[in-house]
$ cat protein-v1.cif   # mmCIF, C-alpha atoms
data_target
loop_
_atom_site.label_atom_id
_atom_site.label_comp_id
_atom_site.auth_asym_id
_atom_site.auth_seq_id
_atom_site.Cartn_x
_atom_site.Cartn_y
_atom_site.Cartn_z
CA PHE A 1162 -44.50 3.77 -19.89
CA ASP A 1163 -42.87 0.34 -20.25
CA ASN A 1164 -46.09 -1.23 -21.48
CA LEU A 1165 -46.63 1.58 -23.99
CA THR A 1166 -43.10 1.08 -25.29
CA LYS A 1167 -43.66 -2.68 -25.54
CA PHE A 1168 -46.83 -2.13 -27.56
CA ILE A 1169 -45.06 0.27 -29.94
CA VAL A 1170 -42.07 -2.06 -30.32
CA TRP A 1171 -44.48 -4.91 -31.11
CA THR A 1172 -46.69 -2.92 -33.51
CA ILE A 1173 -44.12 -1.15 -35.68
CA PRO A 1174 -42.24 -4.14 -37.12
CA THR A 1175 -45.33 -6.29 -37.56
CA ASN A 1176 -47.19 -3.59 -39.50
CA LEU A 1177 -44.08 -2.57 -41.42
CA GLY A 1178 -43.48 -6.22 -42.35
CA GLU A 1179 -47.03 -6.55 -43.67
CA GLY A 1180 -46.58 -3.46 -45.83
CA LEU A 1181 -43.21 -4.61 -47.15
CA ILE A 1182 -44.69 -7.97 -48.14
CA LEU A 1183 -47.06 -6.15 -50.48
CA LEU A 1184 -44.42 -3.71 -51.73
CA THR A 1185 -42.00 -6.55 -52.47
CA ALA A 1186 -44.65 -8.37 -54.51
CA ILE A 1187 -45.39 -5.20 -56.47
CA PHE A 1188 -41.68 -4.55 -57.03
CA PHE A 1189 -41.10 -8.09 -58.37
CA GLY A 1190 -44.35 -8.14 -60.33
CA VAL A 1191 -45.85 -11.19 -58.64
CA ALA A 1192 -49.31 -11.76 -57.24
CA LEU A 1193 -50.00 -10.16 -53.87
CA PRO A 1194 -49.14 -12.63 -51.09
CA ALA A 1195 -52.02 -11.26 -49.00
CA LEU A 1196 -55.09 -9.34 -50.06
CA PRO A 1197 -56.03 -6.07 -48.36
CA VAL A 1198 -59.07 -7.70 -46.73
CA GLN A 1199 -56.80 -10.41 -45.31
CA LEU A 1200 -54.40 -7.85 -43.85
CA LEU A 1201 -57.38 -5.99 -42.42
CA TRP A 1202 -58.32 -9.25 -40.66
CA VAL A 1203 -54.77 -9.60 -39.32
CA ASN A 1204 -54.59 -6.02 -38.08
CA MET A 1205 -58.04 -5.95 -36.48
CA MET A 1206 -57.68 -9.33 -34.77
CA THR A 1207 -54.07 -9.07 -33.62
CA ALA A 1208 -54.42 -5.49 -32.36
CA THR A 1209 -57.38 -6.44 -30.17
CA LEU A 1210 -56.57 -10.02 -29.17
CA LEU A 1211 -52.78 -9.70 -28.93
CA GLY A 1212 -51.57 -6.11 -28.73
CA LEU A 1213 -53.96 -4.91 -26.07
CA THR A 1214 -52.87 -7.71 -23.74
CA LEU A 1215 -49.53 -5.93 -23.26
CA VAL A 1216 -51.46 -3.30 -21.29
CA PHE A 1217 -52.01 -5.92 -18.59
CA GLU A 1218 -48.37 -6.95 -18.38
CA PRO A 1219 -47.31 -6.80 -14.71
CA LYS A 1220 -44.61 -4.37 -13.63
CA GLU A 1221 -41.13 -5.79 -13.99
CA PRO A 1222 -39.38 -6.72 -10.73
CA ASN A 1223 -36.54 -4.20 -11.10
CA LEU A 1224 -38.75 -1.25 -11.99
CA MET A 1225 -37.89 0.85 -8.93
CA ASP A 1226 -34.16 0.00 -9.12
CA ARG A 1227 -33.73 1.60 -12.53
CA LYS A 1228 -32.51 5.16 -12.90
CA PRO A 1229 -35.11 7.60 -14.19
CA ARG A 1230 -35.70 7.72 -17.93
CA ASP A 1231 -34.30 10.76 -19.72
CA PRO A 1232 -37.37 12.70 -20.87
CA GLN A 1233 -35.45 13.82 -23.99
CA GLU A 1234 -34.80 10.21 -25.07
CA PRO A 1235 -37.13 9.00 -27.81
CA ILE A 1236 -39.40 6.04 -27.21
CA LEU A 1237 -37.84 4.16 -30.11
CA THR A 1238 -34.15 4.09 -29.20
CA TYR A 1239 -31.45 2.81 -31.55
CA PRO A 1240 -31.48 -0.74 -30.11
CA LEU A 1241 -35.27 -0.88 -30.37
CA PHE A 1242 -35.09 0.53 -33.89
CA MET A 1243 -32.60 -2.18 -34.90
CA ARG A 1244 -34.74 -4.84 -33.23
CA SER A 1245 -37.76 -3.61 -35.18
CA GLY A 1246 -35.80 -3.78 -38.41
CA LEU A 1247 -34.74 -7.36 -37.73
CA VAL A 1248 -38.29 -8.49 -36.95
CA THR A 1249 -39.57 -6.72 -40.07
CA LEU A 1250 -37.06 -8.60 -42.23
CA ILE A 1251 -37.88 -11.94 -40.57
CA LEU A 1252 -41.59 -11.38 -41.21
CA LEU A 1253 -40.98 -10.28 -44.80
CA GLY A 1254 -38.61 -13.14 -45.61
CA GLY A 1255 -40.72 -15.81 -43.95
CA ALA A 1256 -44.09 -14.81 -45.39
CA PHE A 1257 -42.92 -13.86 -48.89
CA GLY A 1258 -40.59 -16.86 -49.11
CA LEU A 1259 -43.33 -19.29 -48.06
CA PHE A 1260 -45.73 -17.72 -50.56
CA LEU A 1261 -43.34 -18.38 -53.44
CA TRP A 1262 -42.26 -21.80 -52.10
CA GLU A 1263 -45.79 -23.11 -51.69
CA GLN A 1264 -46.76 -22.22 -55.24
CA LYS A 1265 -43.55 -23.36 -56.92
CA PHE A 1266 -42.67 -26.54 -55.03
CA ASN A 1267 -45.90 -27.69 -53.38
CA GLY A 1268 -48.36 -26.79 -56.14
CA ALA A 1269 -50.55 -24.71 -53.84
CA THR A 1270 -53.28 -22.56 -55.30
CA ILE A 1271 -53.00 -18.81 -54.84
CA ALA A 1272 -55.74 -18.97 -52.18
CA GLN A 1273 -53.86 -21.67 -50.25
CA ALA A 1274 -50.58 -19.74 -50.49
CA ARG A 1275 -52.28 -16.57 -49.27
CA THR A 1276 -53.87 -18.45 -46.40
CA LEU A 1277 -50.42 -19.72 -45.41
CA VAL A 1278 -49.04 -16.17 -45.58
CA VAL A 1279 -51.75 -14.83 -43.26
CA ASN A 1280 -51.17 -17.69 -40.82
CA THR A 1281 -47.41 -17.08 -40.94
CA ILE A 1282 -47.87 -13.38 -40.20
CA VAL A 1283 -50.13 -14.17 -37.24
CA MET A 1284 -47.76 -16.81 -35.83
CA VAL A 1285 -44.76 -14.46 -36.11
CA GLU A 1286 -46.81 -11.77 -34.36
CA ILE A 1287 -47.73 -14.21 -31.56
CA PHE A 1288 -44.14 -15.29 -30.95
CA TYR A 1289 -42.87 -11.72 -31.16
CA LEU A 1290 -45.57 -10.66 -28.69
CA LEU A 1291 -44.17 -13.18 -26.21
CA ASN A 1292 -40.74 -11.68 -26.80
CA CYS A 1293 -42.06 -8.14 -26.23
CA ARG A 1294 -43.40 -8.93 -22.76
CA SER A 1295 -40.09 -7.56 -21.54
CA LEU A 1296 -37.51 -5.54 -23.43
CA SER A 1297 -34.67 -6.64 -21.17
CA ARG A 1298 -35.59 -10.02 -19.67
CA SER A 1299 -36.51 -13.46 -20.97
CA VAL A 1300 -40.05 -14.82 -20.93
CA GLN A 1301 -38.92 -17.56 -18.53
CA SER A 1302 -37.75 -15.01 -15.97
CA LEU A 1303 -41.13 -13.24 -16.12
CA GLY A 1304 -43.10 -16.43 -15.68
CA TRP A 1305 -45.18 -17.93 -18.45
CA PHE A 1306 -48.45 -17.43 -16.59
CA SER A 1307 -47.94 -13.95 -15.08
CA ASN A 1308 -50.18 -12.32 -17.71
CA ARG A 1309 -53.29 -14.46 -18.07
CA TRP A 1310 -54.85 -11.92 -20.45
CA LEU A 1311 -51.99 -12.49 -22.86
CA LEU A 1312 -52.50 -16.25 -22.73
CA ALA A 1313 -56.23 -15.82 -23.29
CA GLY A 1314 -55.56 -13.48 -26.22
CA VAL A 1315 -53.12 -15.92 -27.82
CA GLY A 1316 -55.61 -18.76 -27.36
CA ALA A 1317 -58.42 -16.70 -28.88
CA MET A 1318 -56.18 -15.66 -31.78
CA VAL A 1319 -55.25 -19.27 -32.53
CA LEU A 1320 -58.93 -20.25 -32.52
CA ALA A 1321 -59.77 -17.31 -34.78
CA GLN A 1322 -57.03 -18.40 -37.22
CA VAL A 1323 -58.38 -21.96 -37.27
CA ALA A 1324 -61.79 -20.52 -38.17
CA PHE A 1325 -60.21 -18.17 -40.75
CA THR A 1326 -58.43 -21.11 -42.35
CA HIS A 1327 -61.02 -23.88 -42.26
CA LEU A 1328 -64.57 -22.52 -42.07
CA PRO A 1329 -66.18 -22.33 -45.53
CA PHE A 1330 -67.92 -18.99 -44.93
CA MET A 1331 -64.60 -17.47 -43.79
CA ASN A 1332 -62.92 -18.89 -46.91
CA ARG A 1333 -65.53 -17.19 -49.10
CA LEU A 1334 -65.39 -13.94 -47.12
CA PHE A 1335 -61.58 -13.65 -47.12
CA HIS A 1336 -60.72 -15.50 -50.38
CA THR A 1337 -58.77 -18.19 -48.52
CA ALA A 1338 -58.63 -21.97 -48.75
CA PRO A 1339 -58.28 -24.68 -46.12
CA LEU A 1340 -54.78 -25.98 -45.52
CA GLY A 1341 -53.87 -29.62 -44.97
#
$ encode --input "protein-v1.cif" --output "structure tokens"
Amino acid sequence: FDNLTKFIVWTIPTNLGEGLILLTAIFFGVALPALPVQLLWVNMMTATLLGLTLVFEPKEPNLMDRKPRDPQEPILTYPLFMRSGLVTLILLGGAFGLFLWEQKFNGATIAQARTLVVNTIVMVEIFYLLNCRSLSRSVQSLGWFSNRWLLAGVGAMVLAQVAFTHLPFMNRLFHTAPLG
């Protein structure tokens, strides 16, 4: 149950943030910071390489010391709902802000700015995934290497993003541009 909750708490704000990035652009009448095909890449890759690794998260040490969960309590409690809202806003502000910043102050092309947005979304999802390994304890207390599948997934995701960003056929396929 804990691992299911962790997956839901990781998935909701990351997907909601992606949607709000597009809605914000539409609301302000600016170019889309990420194309649908780019968000499809993010969702397909992060769900398989990152999200599924939470299934293999070891049981937390205090699992049997906790009182039983109230079956009437929703999975997404108020604190988890607020946490999801905060992560959504961080993702929205970071990605949308960088999109505008790169074009206005750094002279980036739209393809470069979109590539940066996709990379920002993925990096926020990676760091938030590390945070979701436990909903009550720090990553240090769990041990950095206690879930080797998670580490392998993060490594694979980073390599996939390097390919997404720098390989010419990926640039053509996803309408991206290499970043310096």
$ resolve_selection --input "protein-v1.cif" --expression "the PyMOL selection byres ((chain A and resi 1210-1218) around 12)" --output "ChimeraX atom specification"
/A:1162-1173,1175-1176,1202-1209,1219-1222,1283-1295,1300,1303-1322
$ residues_around --input "protein-v1.cif" --residues "A:Leu1184" --least-positions-apart "6" --cutoff "12 Å" --atoms "all atoms listed in the file" --output "list in words"
Leu1177, Gly1178, Gly1190, Val1191, Ala1192, Leu1193, Pro1194, Ala1195, Leu1253 and Phe1257 of chain A
$ closest_residue --input "protein-v1.cif" --among "A:Gln1233, A:Leu1250, A:Met1225, A:Leu1200" --to "A:Thr1185" --atoms "all atoms listed in the file"
A:Leu1250
$ resolve_selection --input "protein-v1.cif" --expression "the PyMOL selection byres ((chain A and resi 1327) around 12)" --output "PyMOL selection string"
chain A and resi 1273+1276-1277+1280+1320-1326+1328-1341
$ write_last_selection --input "protein-v1.cif" --atoms "C-alpha atoms" --output "compact mmCIF listing (two decimals), in the frame of the given file"
# COMPACT_ATOMS: atom_id res chain seq x y z
CA GLN A 1273 -53.86 -21.67 -50.25
CA THR A 1276 -53.87 -18.45 -46.40
CA LEU A 1277 -50.42 -19.72 -45.41
CA ASN A 1280 -51.17 -17.69 -40.82
CA LEU A 1320 -58.93 -20.25 -32.52
CA ALA A 1321 -59.77 -17.31 -34.78
CA GLN A 1322 -57.03 -18.40 -37.22
CA VAL A 1323 -58.38 -21.96 -37.27
CA ALA A 1324 -61.79 -20.52 -38.17
CA PHE A 1325 -60.21 -18.17 -40.75
CA THR A 1326 -58.43 -21.11 -42.35
CA LEU A 1328 -64.57 -22.52 -42.07
CA PRO A 1329 -66.18 -22.33 -45.53
CA PHE A 1330 -67.92 -18.99 -44.93
CA MET A 1331 -64.60 -17.47 -43.79
CA ASN A 1332 -62.92 -18.89 -46.91
CA ARG A 1333 -65.53 -17.19 -49.10
CA LEU A 1334 -65.39 -13.94 -47.12
CA PHE A 1335 -61.58 -13.65 -47.12
CA HIS A 1336 -60.72 -15.50 -50.38
CA THR A 1337 -58.77 -18.19 -48.52
CA ALA A 1338 -58.63 -21.97 -48.75
CA PRO A 1339 -58.28 -24.68 -46.12
CA LEU A 1340 -54.78 -25.98 -45.52
CA GLY A 1341 -53.87 -29.62 -44.97
$ atom_distance --input "protein-v1.cif" --atom1 "atom CA of A:Ala1269" --atom2 "atom CA of A:Pro1197"
20.2 Å
$ atom_distance --input "protein-v1.cif" --atom1 "atom CA of A:Gln1199" --atom2 "atom CA of A:Leu1261"
17.6 Å
$ atom_distance --input "protein-v1.cif" --atom1 "atom CA of A:Phe1189" --atom2 "atom CA of A:Ile1271"
16.4 Å
$ axis_aligned_box --input "protein-v1.cif" --around "stretch 1165-1178 of chain A" --padding-each-side "4 Å" --output "AutoDock Vina command-line options"
--center_x -44.6 --center_y -2.4 --center_z -33.2 --size_x 13.1 --size_y 15.9 --size_z 26.4
$ decode --input "protein-v1.cif" --residues "stretch 1168-1180 of chain A" --atoms "N, CA and C atoms" --output "PDB file, in the first residue's frame"
ATOM      1  N   PHE A1168       3.713   6.018  -5.488  1.00  0.00           N
ATOM      2  CA  PHE A1168       3.585   6.179  -6.937  1.00  0.00           C
ATOM      3  C   PHE A1168       2.531   7.221  -7.273  1.00  0.00           C
ATOM      4  N   ILE A1169       1.402   7.183  -6.597  1.00  0.00           N
ATOM      5  CA  ILE A1169       0.329   8.155  -6.854  1.00  0.00           C
ATOM      6  C   ILE A1169       0.776   9.560  -6.485  1.00  0.00           C
ATOM      7  N   VAL A1170       1.443   9.692  -5.342  1.00  0.00           N
ATOM      8  CA  VAL A1170       1.921  11.002  -4.891  1.00  0.00           C
ATOM      9  C   VAL A1170       3.002  11.541  -5.826  1.00  0.00           C
ATOM     10  N   TRP A1171       3.740  10.659  -6.483  1.00  0.00           N
ATOM     11  CA  TRP A1171       4.739  11.099  -7.455  1.00  0.00           C
ATOM     12  C   TRP A1171       4.077  11.458  -8.791  1.00  0.00           C
ATOM     13  N   THR A1172       3.095  10.685  -9.219  1.00  0.00           N
ATOM     14  CA  THR A1172       2.500  10.854 -10.540  1.00  0.00           C
ATOM     15  C   THR A1172       1.590  12.077 -10.639  1.00  0.00           C
ATOM     16  N   ILE A1173       0.762  12.304  -9.651  1.00  0.00           N
ATOM     17  CA  ILE A1173      -0.237  13.374  -9.740  1.00  0.00           C
ATOM     18  C   ILE A1173       0.398  14.750  -9.966  1.00  0.00           C
ATOM     19  N   PRO A1174       1.329  15.195  -9.120  1.00  0.00           N
ATOM     20  CA  PRO A1174       1.838  16.552  -9.342  1.00  0.00           C
ATOM     21  C   PRO A1174       2.699  16.691 -10.602  1.00  0.00           C
ATOM     22  N   THR A1175       3.380  15.633 -10.992  1.00  0.00           N
ATOM     23  CA  THR A1175       4.209  15.747 -12.187  1.00  0.00           C
ATOM     24  C   THR A1175       3.333  15.851 -13.430  1.00  0.00           C
ATOM     25  N   ASN A1176       2.294  15.055 -13.512  1.00  0.00           N
ATOM     26  CA  ASN A1176       1.388  15.140 -14.665  1.00  0.00           C
ATOM     27  C   ASN A1176       0.552  16.419 -14.637  1.00  0.00           C
ATOM     28  N   LEU A1177       0.118  16.817 -13.458  1.00  0.00           N
ATOM     29  CA  LEU A1177      -0.650  18.055 -13.338  1.00  0.00           C
ATOM     30  C   LEU A1177       0.223  19.251 -13.721  1.00  0.00           C
ATOM     31  N   GLY A1178       1.480  19.240 -13.311  1.00  0.00           N
ATOM     32  CA  GLY A1178       2.399  20.315 -13.676  1.00  0.00           C
ATOM     33  C   GLY A1178       2.579  20.413 -15.177  1.00  0.00           C
ATOM     34  N   GLU A1179       2.722  19.273 -15.832  1.00  0.00           N
ATOM     35  CA  GLU A1179       2.868  19.269 -17.294  1.00  0.00           C
ATOM     36  C   GLU A1179       1.635  19.887 -17.957  1.00  0.00           C
ATOM     37  N   GLY A1180       0.469  19.503 -17.502  1.00  0.00           N
ATOM     38  CA  GLY A1180      -0.760  20.060 -18.070  1.00  0.00           C
ATOM     39  C   GLY A1180      -0.885  21.553 -17.824  1.00  0.00           C
TER      40      GLY A1180
END
